[in-house]
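Text of model05.pdb (PDB, C-alpha atoms and all ligand atoms) as supplied:
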```pdb
ATOM      1  CA  MET K  63      53.577 192.332 186.615
ATOM      2  CA  MET K  64      53.875 189.949 189.554
ATOM      3  CA  LYS K  65      50.994 189.657 191.999
ATOM      4  CA  ASN K  66      53.132 191.048 194.855
ATOM      5  CA  GLU K  67      54.245 193.975 192.746
ATOM      6  CA  ARG K  68      50.609 194.810 191.848
ATOM      7  CA  GLN K  69      49.663 194.653 195.539
ATOM      8  CA  PHE K  70      52.607 196.882 196.416
ATOM      9  CA  LEU K  71      51.619 199.389 193.734
ATOM     10  CA  LYS K  72      47.998 199.375 194.954
ATOM     11  CA  LEU K  73      49.182 199.938 198.497
ATOM     12  CA  ALA K  74      51.490 202.748 197.397
ATOM     13  CA  LEU K  75      48.651 204.443 195.486
ATOM     14  CA  VAL K  76      46.296 204.185 198.490
ATOM     15  CA  CYS K  77      48.985 205.588 200.785
ATOM     16  CA  CYS K  78      49.599 208.403 198.360
ATOM     17  CA  ALA K  79      45.896 209.232 198.199
ATOM     18  CA  ILE K  80      45.591 209.179 201.985
ATOM     19  CA  SER K  81      48.582 211.436 202.445
ATOM     20  CA  LEU K  82      47.227 213.833 199.802
ATOM     21  CA  LEU K  83      43.874 213.900 201.583
ATOM     22  CA  ALA K  84      45.616 214.479 204.895
ATOM     23  CA  CYS K  85      47.655 217.209 203.323
ATOM     24  CA  ASN K  86      44.541 218.916 201.945
ATOM     25  CA  SER K  87      42.601 218.573 205.151
ATOM     26  CA  LYS K  88      45.595 220.019 206.999
ATOM     27  CA  GLN K  89      45.544 223.038 204.700
ATOM     28  CA  GLU K  90      41.790 223.345 205.100
ATOM     29  CA  SER K  91      41.933 223.114 208.850
ATOM     30  CA  LYS K  92      44.603 225.810 208.810
ATOM     31  CA  GLN K  93      42.402 228.104 206.711
ATOM     32  CA  LEU K  94      39.137 227.425 208.529
ATOM     33  CA  PRO K  95      39.520 229.747 211.491
ATOM     34  CA  ALA K  96      40.239 232.768 209.257
ATOM     35  CA  GLN K  97      37.339 231.959 206.936
ATOM     36  CA  THR K  98      34.746 231.434 209.618
ATOM     37  CA  SER K  99      35.703 234.016 212.213
ATOM     38  CA  LYS K 100      33.071 236.739 212.232
ATOM     39  CA  ASP K 101      35.488 239.134 213.898
ATOM     40  CA  THR K 102      38.147 239.077 211.240
ATOM     41  CA  VAL K 103      36.208 238.613 207.986
ATOM     42  CA  GLN K 104      34.663 241.746 206.491
ATOM     43  CA  THR K 105      32.057 241.509 203.761
ATOM     44  CA  PRO K 106      33.444 243.410 200.782
ATOM     45  CA  LEU K 107      31.340 246.439 199.848
ATOM     46  CA  THR K 108      29.573 245.880 196.552
ATOM     47  CA  ALA K 109      28.353 249.021 194.825
ATOM     48  CA  ASN K 110      24.671 249.136 193.909
ATOM     49  CA  LYS K 111      23.818 249.165 190.204
ATOM     50  CA  ALA K 112      21.860 252.117 188.744
ATOM     51  CA  ALA K 113      18.520 250.287 189.022
ATOM     52  CA  GLN K 114      19.150 249.537 192.716
ATOM     53  CA  VAL K 115      20.096 253.153 193.453
ATOM     54  CA  TYR K 116      17.015 254.353 191.561
ATOM     55  CA  ALA K 117      14.748 252.034 193.591
ATOM     56  CA  LYS K 118      15.927 253.281 196.982
ATOM     57  CA  THR K 119      13.727 255.556 199.111
ATOM     58  CA  GLN K 120      14.634 259.176 198.340
ATOM     59  CA  VAL K 121      16.069 261.325 201.127
ATOM     60  CA  PRO K 122      14.551 264.830 201.394
ATOM     61  CA  VAL K 123      17.037 267.397 200.058
ATOM     62  CA  LEU K 124      16.255 271.079 200.635
ATOM     63  CA  CYS K 125      17.619 273.900 198.487
ATOM     64  CA  TYR K 126      17.887 277.456 199.811
ATOM     65  CA  HIS K 127      19.098 280.534 197.946
ATOM     66  CA  ARG K 128      18.854 283.989 199.535
ATOM     67  CA  ILE K 129      18.254 284.376 203.268
ATOM     68  CA  THR K 130      17.522 288.061 203.746
ATOM     69  CA  GLU K 131      14.874 290.671 204.581
ATOM     70  CA  GLY K 132      13.050 292.474 201.802
ATOM     71  CA  SER K 133      14.268 290.489 198.778
ATOM     72  CA  LYS K 134      12.002 290.409 195.745
ATOM     73  CA  SER K 135      13.303 286.964 194.747
ATOM     74  CA  GLU K 136      10.650 284.270 194.861
ATOM     75  CA  TYR K 137      13.277 281.938 196.322
ATOM     76  CA  ALA K 138      14.272 284.188 199.231
ATOM     77  CA  VAL K 139      13.395 283.473 202.853
ATOM     78  CA  THR K 140      13.792 285.826 205.805
ATOM     79  CA  PRO K 141      16.315 284.905 208.540
ATOM     80  CA  ALA K 142      13.379 284.349 210.954
ATOM     81  CA  THR K 143      11.675 281.949 208.531
ATOM     82  CA  PHE K 144      14.950 280.099 207.955
ATOM     83  CA  GLU K 145      15.432 279.621 211.692
ATOM     84  CA  ALA K 146      11.787 278.465 212.053
ATOM     85  CA  HIS K 147      12.417 275.869 209.322
ATOM     86  CA  ILE K 148      15.577 274.527 210.976
ATOM     87  CA  LYS K 149      13.917 274.531 214.407
ATOM     88  CA  ILE K 150      10.869 272.526 213.280
ATOM     89  CA  LEU K 151      13.167 270.007 211.555
ATOM     90  CA  ALA K 152      15.192 269.585 214.766
ATOM     91  CA  ASP K 153      12.023 269.461 216.934
ATOM     92  CA  SER K 154      10.514 266.819 214.609
ATOM     93  CA  GLY K 155      13.543 264.558 215.023
ATOM     94  CA  TYR K 156      15.225 265.228 211.666
ATOM     95  CA  GLN K 157      18.995 264.886 211.488
ATOM     96  CA  ALA K 158      21.020 266.721 208.852
ATOM     97  CA  ILE K 159      23.222 264.340 206.892
ATOM     98  CA  SER K 160      26.197 265.080 204.636
ATOM     99  CA  PRO K 161      26.420 264.276 200.904
ATOM    100  CA  ASP K 162      29.055 261.641 201.806
ATOM    101  CA  GLU K 163      26.461 259.883 203.983
ATOM    102  CA  LEU K 164      23.827 260.162 201.251
ATOM    103  CA  TYR K 165      26.278 258.632 198.743
ATOM    104  CA  ASP K 166      27.135 255.728 201.069
ATOM    105  CA  TYR K 167      23.419 255.087 201.616
ATOM    106  CA  LEU K 168      22.607 255.126 197.887
ATOM    107  CA  VAL K 169      25.635 253.134 196.727
ATOM    108  CA  TYR K 170      26.518 250.861 199.666
ATOM    109  CA  ASN K 171      23.197 250.676 201.612
ATOM    110  CA  LYS K 172      24.802 252.226 204.686
ATOM    111  CA  THR K 173      22.295 253.090 207.396
ATOM    112  CA  LEU K 174      21.036 256.662 207.771
ATOM    113  CA  PRO K 175      19.358 258.279 210.791
ATOM    114  CA  ALA K 176      15.622 257.495 211.035
ATOM    115  CA  LYS K 177      14.675 260.959 209.700
ATOM    116  CA  PRO K 178      17.462 262.205 207.451
ATOM    117  CA  VAL K 179      17.497 265.528 205.613
ATOM    118  CA  LEU K 180      20.169 267.155 203.445
ATOM    119  CA  ILE K 181      20.156 270.963 203.573
ATOM    120  CA  SER K 182      21.816 272.752 200.657
ATOM    121  CA  PHE K 183      22.530 276.327 199.610
ATOM    122  CA  ASP K 184      23.114 277.654 196.086
ATOM    123  CA  ASP K 185      24.817 280.723 194.638
ATOM    124  CA  SER K 186      27.545 281.433 197.270
ATOM    125  CA  ARG K 187      25.745 284.360 198.978
ATOM    126  CA  ILE K 188      27.377 286.113 201.935
ATOM    127  CA  GLU K 189      24.368 285.335 204.177
ATOM    128  CA  HIS K 190      25.225 281.647 203.891
ATOM    129  CA  ILE K 191      28.087 282.187 206.350
ATOM    130  CA  GLU K 192      26.510 285.095 208.231
ATOM    131  CA  ILE K 193      23.059 283.535 208.823
ATOM    132  CA  ALA K 194      22.682 279.986 207.469
ATOM    133  CA  ALA K 195      25.773 278.322 208.960
ATOM    134  CA  PRO K 196      25.400 279.773 212.516
ATOM    135  CA  THR K 197      21.696 278.810 212.555
ATOM    136  CA  LEU K 198      22.472 275.262 211.386
ATOM    137  CA  GLN K 199      25.241 274.951 213.990
ATOM    138  CA  LYS K 200      22.885 276.201 216.748
ATOM    139  CA  TYR K 201      20.682 273.148 216.102
ATOM    140  CA  GLY K 202      23.576 270.714 215.611
ATOM    141  CA  PHE K 203      23.029 270.599 211.836
ATOM    142  CA  ARG K 204      25.410 270.959 208.900
ATOM    143  CA  GLY K 205      24.798 271.866 205.302
ATOM    144  CA  VAL K 206      26.249 271.710 201.822
ATOM    145  CA  PHE K 207      27.191 274.962 200.106
ATOM    146  CA  PHE K 208      27.309 274.935 196.291
ATOM    147  CA  ILE K 209      29.716 277.584 195.028
ATOM    148  CA  MET K 210      29.805 279.280 191.612
ATOM    149  CA  THR K 211      33.445 280.243 191.639
ATOM    150  CA  ILE K 212      33.046 283.403 189.511
ATOM    151  CA  THR K 213      31.615 285.146 192.602
ATOM    152  CA  ASN K 214      34.502 284.270 194.943
ATOM    153  CA  ASN K 215      35.616 287.395 196.879
ATOM    154  CA  LYS K 216      32.970 289.613 195.183
ATOM    155  CA  LYS K 217      30.787 291.975 197.254
ATOM    156  CA  ASN K 218      27.791 290.215 198.897
ATOM    157  CA  TYR K 219      29.252 286.803 198.019
ATOM    158  CA  LEU K 220      31.441 284.375 199.953
ATOM    159  CA  SER K 221      35.166 285.044 200.054
ATOM    160  CA  THR K 222      37.631 282.205 199.566
ATOM    161  CA  GLU K 223      38.495 282.492 203.263
ATOM    162  CA  GLN K 224      34.817 282.132 204.231
ATOM    163  CA  ILE K 225      34.447 279.053 202.001
ATOM    164  CA  ALA K 226      37.421 277.483 203.802
ATOM    165  CA  THR K 227      35.845 278.388 207.179
ATOM    166  CA  LEU K 228      32.547 276.707 206.245
ATOM    167  CA  SER K 229      34.462 273.542 205.397
ATOM    168  CA  LYS K 230      36.481 273.698 208.656
ATOM    169  CA  ASN K 231      33.197 274.020 210.586
ATOM    170  CA  GLY K 232      31.998 270.664 209.250
ATOM    171  CA  HIS K 233      29.923 271.789 206.271
ATOM    172  CA  THR K 234      30.406 270.373 202.770
ATOM    173  CA  ILE K 235      31.573 272.491 199.836
ATOM    174  CA  GLY K 236      30.219 271.608 196.397
ATOM    175  CA  VAL K 237      30.371 273.086 192.890
ATOM    176  CA  HIS K 238      27.624 275.166 191.231
ATOM    177  CA  SER K 239      29.654 275.758 188.031
ATOM    178  CA  TRP K 240      31.936 278.716 187.267
ATOM    179  CA  ASP K 241      29.393 281.260 186.035
ATOM    180  CA  HIS K 242      26.011 279.487 186.314
ATOM    181  CA  THR K 243      25.961 278.271 182.690
ATOM    182  CA  MET K 244      23.611 275.307 182.399
ATOM    183  CA  VAL K 245      25.166 271.886 181.743
ATOM    184  CA  THR K 246      22.926 271.459 178.674
ATOM    185  CA  LYS K 247      24.877 274.327 177.034
ATOM    186  CA  TYR K 248      28.347 272.765 177.409
ATOM    187  CA  ALA K 249      29.457 272.238 173.831
ATOM    188  CA  ASP K 250      32.887 270.627 174.227
ATOM    189  CA  THR K 251      35.526 269.506 176.713
ATOM    190  CA  SER K 252      36.771 273.080 177.204
ATOM    191  CA  ASP K 253      33.321 273.996 178.609
ATOM    192  CA  TRP K 254      33.436 271.022 180.994
ATOM    193  CA  GLU K 255      36.934 272.100 181.984
ATOM    194  CA  LYS K 256      35.884 275.714 182.635
ATOM    195  CA  GLN K 257      32.520 275.025 184.323
ATOM    196  CA  VAL K 258      33.201 271.808 186.251
ATOM    197  CA  ALA K 259      36.810 270.562 186.411
ATOM    198  CA  THR K 260      38.547 273.893 187.163
ATOM    199  CA  PRO K 261      36.053 275.045 189.866
ATOM    200  CA  GLN K 262      36.253 271.539 191.362
ATOM    201  CA  SER K 263      40.056 271.544 191.615
ATOM    202  CA  LYS K 264      40.202 275.202 192.763
ATOM    203  CA  LEU K 265      37.744 274.542 195.592
ATOM    204  CA  ALA K 266      39.493 271.296 196.551
ATOM    205  CA  LYS K 267      42.800 273.160 196.849
ATOM    206  CA  LEU K 268      41.122 275.906 198.874
ATOM    207  CA  ILE K 269      39.569 273.569 201.469
ATOM    208  CA  ALA K 270      42.275 270.861 201.226
ATOM    209  CA  LYS K 271      39.601 268.184 200.744
ATOM    210  CA  LYS K 272      38.082 266.347 197.803
ATOM    211  CA  VAL K 273      35.126 268.113 196.179
ATOM    212  CA  SER K 274      32.701 265.531 194.776
ATOM    213  CA  TYR K 275      29.249 267.118 194.590
ATOM    214  CA  PHE K 276      27.567 269.378 192.043
ATOM    215  CA  ALA K 277      24.315 271.341 191.905
ATOM    216  CA  TYR K 278      23.161 271.947 188.318
ATOM    217  CA  PRO K 279      22.668 275.658 187.555
ATOM    218  CA  ASN K 280      18.883 276.217 187.369
ATOM    219  CA  GLY K 281      18.541 272.531 188.276
ATOM    220  CA  VAL K 282      18.689 271.762 184.561
ATOM    221  CA  CYS K 283      20.310 268.605 183.207
ATOM    222  CA  ASN K 284      19.748 266.099 180.394
ATOM    223  CA  HIS K 285      20.985 262.521 179.950
ATOM    224  CA  GLU K 286      24.210 263.563 178.175
ATOM    225  CA  GLY K 287      24.878 266.106 180.922
ATOM    226  CA  ALA K 288      24.387 263.474 183.642
ATOM    227  CA  VAL K 289      26.729 261.049 181.855
ATOM    228  CA  GLY K 290      29.338 263.827 181.485
ATOM    229  CA  MET K 291      28.977 264.781 185.155
ATOM    230  CA  SER K 292      29.534 261.186 186.309
ATOM    231  CA  LYS K 293      33.175 261.519 185.210
ATOM    232  CA  TYR K 294      33.742 264.292 187.773
ATOM    233  CA  MET K 295      31.259 263.969 190.639
ATOM    234  CA  LYS K 296      29.978 261.286 193.046
ATOM    235  CA  LEU K 297      26.548 262.949 193.205
ATOM    236  CA  ALA K 298      24.909 265.794 191.273
ATOM    237  CA  PHE K 299      21.649 267.481 192.227
ATOM    238  CA  ILE K 300      18.686 268.504 190.076
ATOM    239  CA  LEU K 301      15.525 270.184 191.387
ATOM    240  CA  SER K 302      12.192 268.455 191.957
ATOM    241  CA  THR K 303      11.978 267.268 188.339
ATOM    242  CA  LYS K 304      12.276 263.733 186.940
ATOM    243  CA  ARG K 305      15.362 261.667 187.761
ATOM    244  CA  ASP K 306      17.344 259.795 185.084
ATOM    245  CA  SER K 307      16.874 256.075 185.819
ATOM    246  CA  LEU K 308      20.231 255.254 184.160
ATOM    247  CA  GLN K 309      22.086 258.024 186.041
ATOM    248  CA  PRO K 310      20.337 258.247 189.415
ATOM    249  CA  LEU K 311      23.495 259.390 191.243
ATOM    250  CA  GLN K 312      23.822 262.319 188.846
ATOM    251  CA  THR K 313      20.164 263.319 189.132
ATOM    252  CA  VAL K 314      19.421 263.462 192.877
ATOM    253  CA  ARG K 315      16.245 265.488 193.494
ATOM    254  CA  ARG K 316      16.096 268.608 195.650
ATOM    255  CA  MET K 317      13.225 270.856 196.622
ATOM    256  CA  ILE K 318      13.535 274.675 196.509
ATOM    257  CA  VAL K 319      12.330 276.152 199.800
ATOM    258  CA  PRO K 320      10.658 279.567 199.505
ATOM    259  CA  GLU K 321       9.035 281.687 202.239
ATOM    260  CA  TRP K 322       6.856 278.915 203.661
ATOM    261  CA  THR K 323       5.618 278.506 207.217
ATOM    262  CA  ALA K 324       7.471 275.849 209.209
ATOM    263  CA  GLN K 325       4.445 273.531 208.987
ATOM    264  CA  GLY K 326       4.199 274.261 205.254
ATOM    265  CA  LEU K 327       7.815 273.113 204.854
ATOM    266  CA  LEU K 328       7.133 269.746 206.517
ATOM    267  CA  LYS K 329       3.989 269.249 204.402
ATOM    268  CA  SER K 330       5.880 269.964 201.154
ATOM    269  CA  MET K 331       8.735 267.669 202.161
ATOM    270  CA  HIS K 332       6.335 264.769 202.692
ATOM    271  CA  LYS K 333       4.614 265.462 199.378
ATOM    272  CA  THR K 334       7.821 265.817 197.333
ATOM    273  CA  PHE K 335       9.913 262.903 198.664
TER     274      PHE K 335
HETATM  275 ZN    ZN N 401      22.025 278.870 191.193
END
```

Take the structure in the file and write it out as structure tokens.
Amino acid sequence: MMKNERQFLKLALVCCAISLLACNSKQESKQLPAQTSKDTVQTPLTANKAAQVYAKTQVPVLCYHRITEGSKSEYAVTPATFEAHIKILADSGYQAISPDELYDYLVYNKTLPAKPVLISFDDSRIEHIEIAAPTLQKYGFRGVFFIMTITNNKKNYLSTEQIATLSKNGHTIGVHSWDHTMVTKYADTSDWEKQVATPQSKLAKLIAKKVSYFAYPNGVCNHEGAVGMSKYMKLAFILSTKRDSLQPLQTVRRMIVPEWTAQGLLKSMHKTF
């Protein structure tokens, strides 16, 4: 190769490299504004892993059953006691959150009010719409009502119309199985279908919303049950027993509230959560 040719080639290569660099820096400068603008770039939400969910501070979750005068049930509270409980929570600065908010807090670290509480009701009793919901609404609260669908439209239990009304009024509807059979007794997929999937889809159709939350009958669940439930529900609730560290979303703790004084309720909440 002649000297001139070599110099020409060198020059051509340098030019090429410069134009490539220019080309790249052009592309970069075009992309920069979009990559650096804080207004347009949103951090993608990364879901917490089980260990991270398990390590988060627990939110107090209350569980009511009957709200009536003269019941012999150890889990019953009178309407006056129920109102005293809701009033002291409101007066103490508590704010009732929804299961959707609890899920977003546990999974995506979304912020909750300073004093959050989730108020839930089991067994689809008629007093849940006659007493519980109006009392909650009086204090600007909302609750989650776990329905066992076998009782729909039966005497002293919620009708399908009342379940739809609760949902329209801003409360959450969840599943409490079909007939209160414990998850630990589900032998095969037909049991899961009957106790979880069918009630879930029936309720979803009734309220025209997704139904993603479950309260275990008797609060009883084992590891297999929690794994099974994770295929259907975003969150499932036990009682104040031990959570499953591998399935923390399927073993969220709740506290049964019996006929306590209002102060007694606050004390128990602080002790349990
Ligand atoms: Zn129950």

Distance query Ala277 in chain K at most 6 Å, only C-alpha atoms, self and fewer than 5 positions along chain excluded, as a list of chain:residue names: K:His238, K:Ala298, K:Phe299

Since I can't run it myself right now, could you work out what the PyMOL selection byres (((chain K and resi 259-274) around 9) and not hetatm) selects here and report it as a PyMOL selection string? chain K and resi 161-162+209-212+222-223+225-227+229-230+234-240+254-258+275-276+294-298

Residues at most 7 Å from range 191-201 of chain K, counting only C-alpha atoms, excluding those fewer than 6 positions away in the same chain, as a ChimeraX atom specification? /K:141,145,148,152

Decode the PyMOL selection byres (((not hetatm)) within 10 of (chain N and resi 401)) for the given file into explicit residues and return them as a PDB file with C-alpha atoms, keeping the file's coordinate frame.
```pdb
ATOM      1  CA  CYS K 125      17.619 273.900 198.487  1.00  0.00           C
ATOM      2  CA  TYR K 126      17.887 277.456 199.811  1.00  0.00           C
ATOM      3  CA  HIS K 127      19.098 280.534 197.946  1.00  0.00           C
ATOM      4  CA  PHE K 183      22.530 276.327 199.610  1.00  0.00           C
ATOM      5  CA  ASP K 184      23.114 277.654 196.086  1.00  0.00           C
ATOM      6  CA  ASP K 185      24.817 280.723 194.638  1.00  0.00           C
ATOM      7  CA  SER K 186      27.545 281.433 197.270  1.00  0.00           C
ATOM      8  CA  PHE K 208      27.309 274.935 196.291  1.00  0.00           C
ATOM      9  CA  ILE K 209      29.716 277.584 195.028  1.00  0.00           C
ATOM     10  CA  MET K 210      29.805 279.280 191.612  1.00  0.00           C
ATOM     11  CA  HIS K 238      27.624 275.166 191.231  1.00  0.00           C
ATOM     12  CA  SER K 239      29.654 275.758 188.031  1.00  0.00           C
ATOM     13  CA  ASP K 241      29.393 281.260 186.035  1.00  0.00           C
ATOM     14  CA  HIS K 242      26.011 279.487 186.314  1.00  0.00           C
ATOM     15  CA  THR K 243      25.961 278.271 182.690  1.00  0.00           C
ATOM     16  CA  MET K 244      23.611 275.307 182.399  1.00  0.00           C
ATOM     17  CA  ALA K 277      24.315 271.341 191.905  1.00  0.00           C
ATOM     18  CA  TYR K 278      23.161 271.947 188.318  1.00  0.00           C
ATOM     19  CA  PRO K 279      22.668 275.658 187.555  1.00  0.00           C
ATOM     20  CA  ASN K 280      18.883 276.217 187.369  1.00  0.00           C
ATOM     21  CA  GLY K 281      18.541 272.531 188.276  1.00  0.00           C
TER      22      GLY K 281
END
```

To one decimal place in Å, what is the distance between CA of Thr213 in chain K and CA of Ser160 in chain K? 24.0 Å

Could you tell me which of K:Lys172, K:His190, K:Lys111, K:Lys177 comes closest to Arg128 in chain K if we count all atoms listed in the file?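 So, comparing all the options, the nearest one is K:His190.
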
The PyMOL selection byres (((chain K and resi 119-123) around 9) and not hetatm) on the file shown: which residues, as a list in words?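 Those residues are Val115, Tyr116, Ala117, Lys118, Leu124, Cys125, Leu164, Leu168, Lys177, Pro178, Val179, Leu180, Ile181, Ser182, Val314, Arg315, Arg316, Met317, Ile318, Met331, His332, Thr334 and Phe335 of chain K.
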
To one decimal place in Å, what is the distance between CA of Leu308 in chain K and CA of Ala176 in chain K? 27.4 Å

Show me, as a list in words, the residues that have an atom within 8 Å of Val282 in chain K when counting all atoms listed in the file, minus same-chain residues fewer than 5 positions from it.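 The residues satisfying every condition are Met244, Val245, Thr246, Ile300 and Leu301 of chain K.
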
Those residues you just picked out, can you put them in a file as a short mmCIF file (atom, residue, chain, number, x, y, z; two decimals), keeping the file's coordinate frame with C-alpha atoms?
```
data_model
loop_
_atom_site.label_atom_id
_atom_site.label_comp_id
_atom_site.auth_asym_id
_atom_site.auth_seq_id
_atom_site.Cartn_x
_atom_site.Cartn_y
_atom_site.Cartn_z
CA MET K 244 23.61 275.31 182.40
CA VAL K 245 25.17 271.89 181.74
CA THR K 246 22.93 271.46 178.67
CA ILE K 300 18.69 268.50 190.08
CA LEU K 301 15.52 270.18 191.39
#
```

Could you check which of K:Asn110, K:Asn231, K:Thr313, K:Ser307 is closest to Gly287 in chain K, using all atoms listed in the file? K:Thr313

Between CA of Thr140 in chain K and CA of Ala324 in chain K - distance in Å to one decimal: 12.3 Å

For a quick check of understanding, using all atoms listed in the file, which of K:Gly326, K:Gly290, K:Gly205, K:Pro320 has the smallest distance to Ile129 in chain K?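 For Ile129 in chain K, the nearest of the given residues is K:Pro320.
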
Using all atoms listed in the file: which of K:Ser292, K:Lys216, K:Leu328, K:Lys333 has the shortest distance to His147 in chain K: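 Nearest candidate to His147 in chain K out of K:Ser292, K:Lys216, K:Leu328, K:Lys333: K:Leu328.
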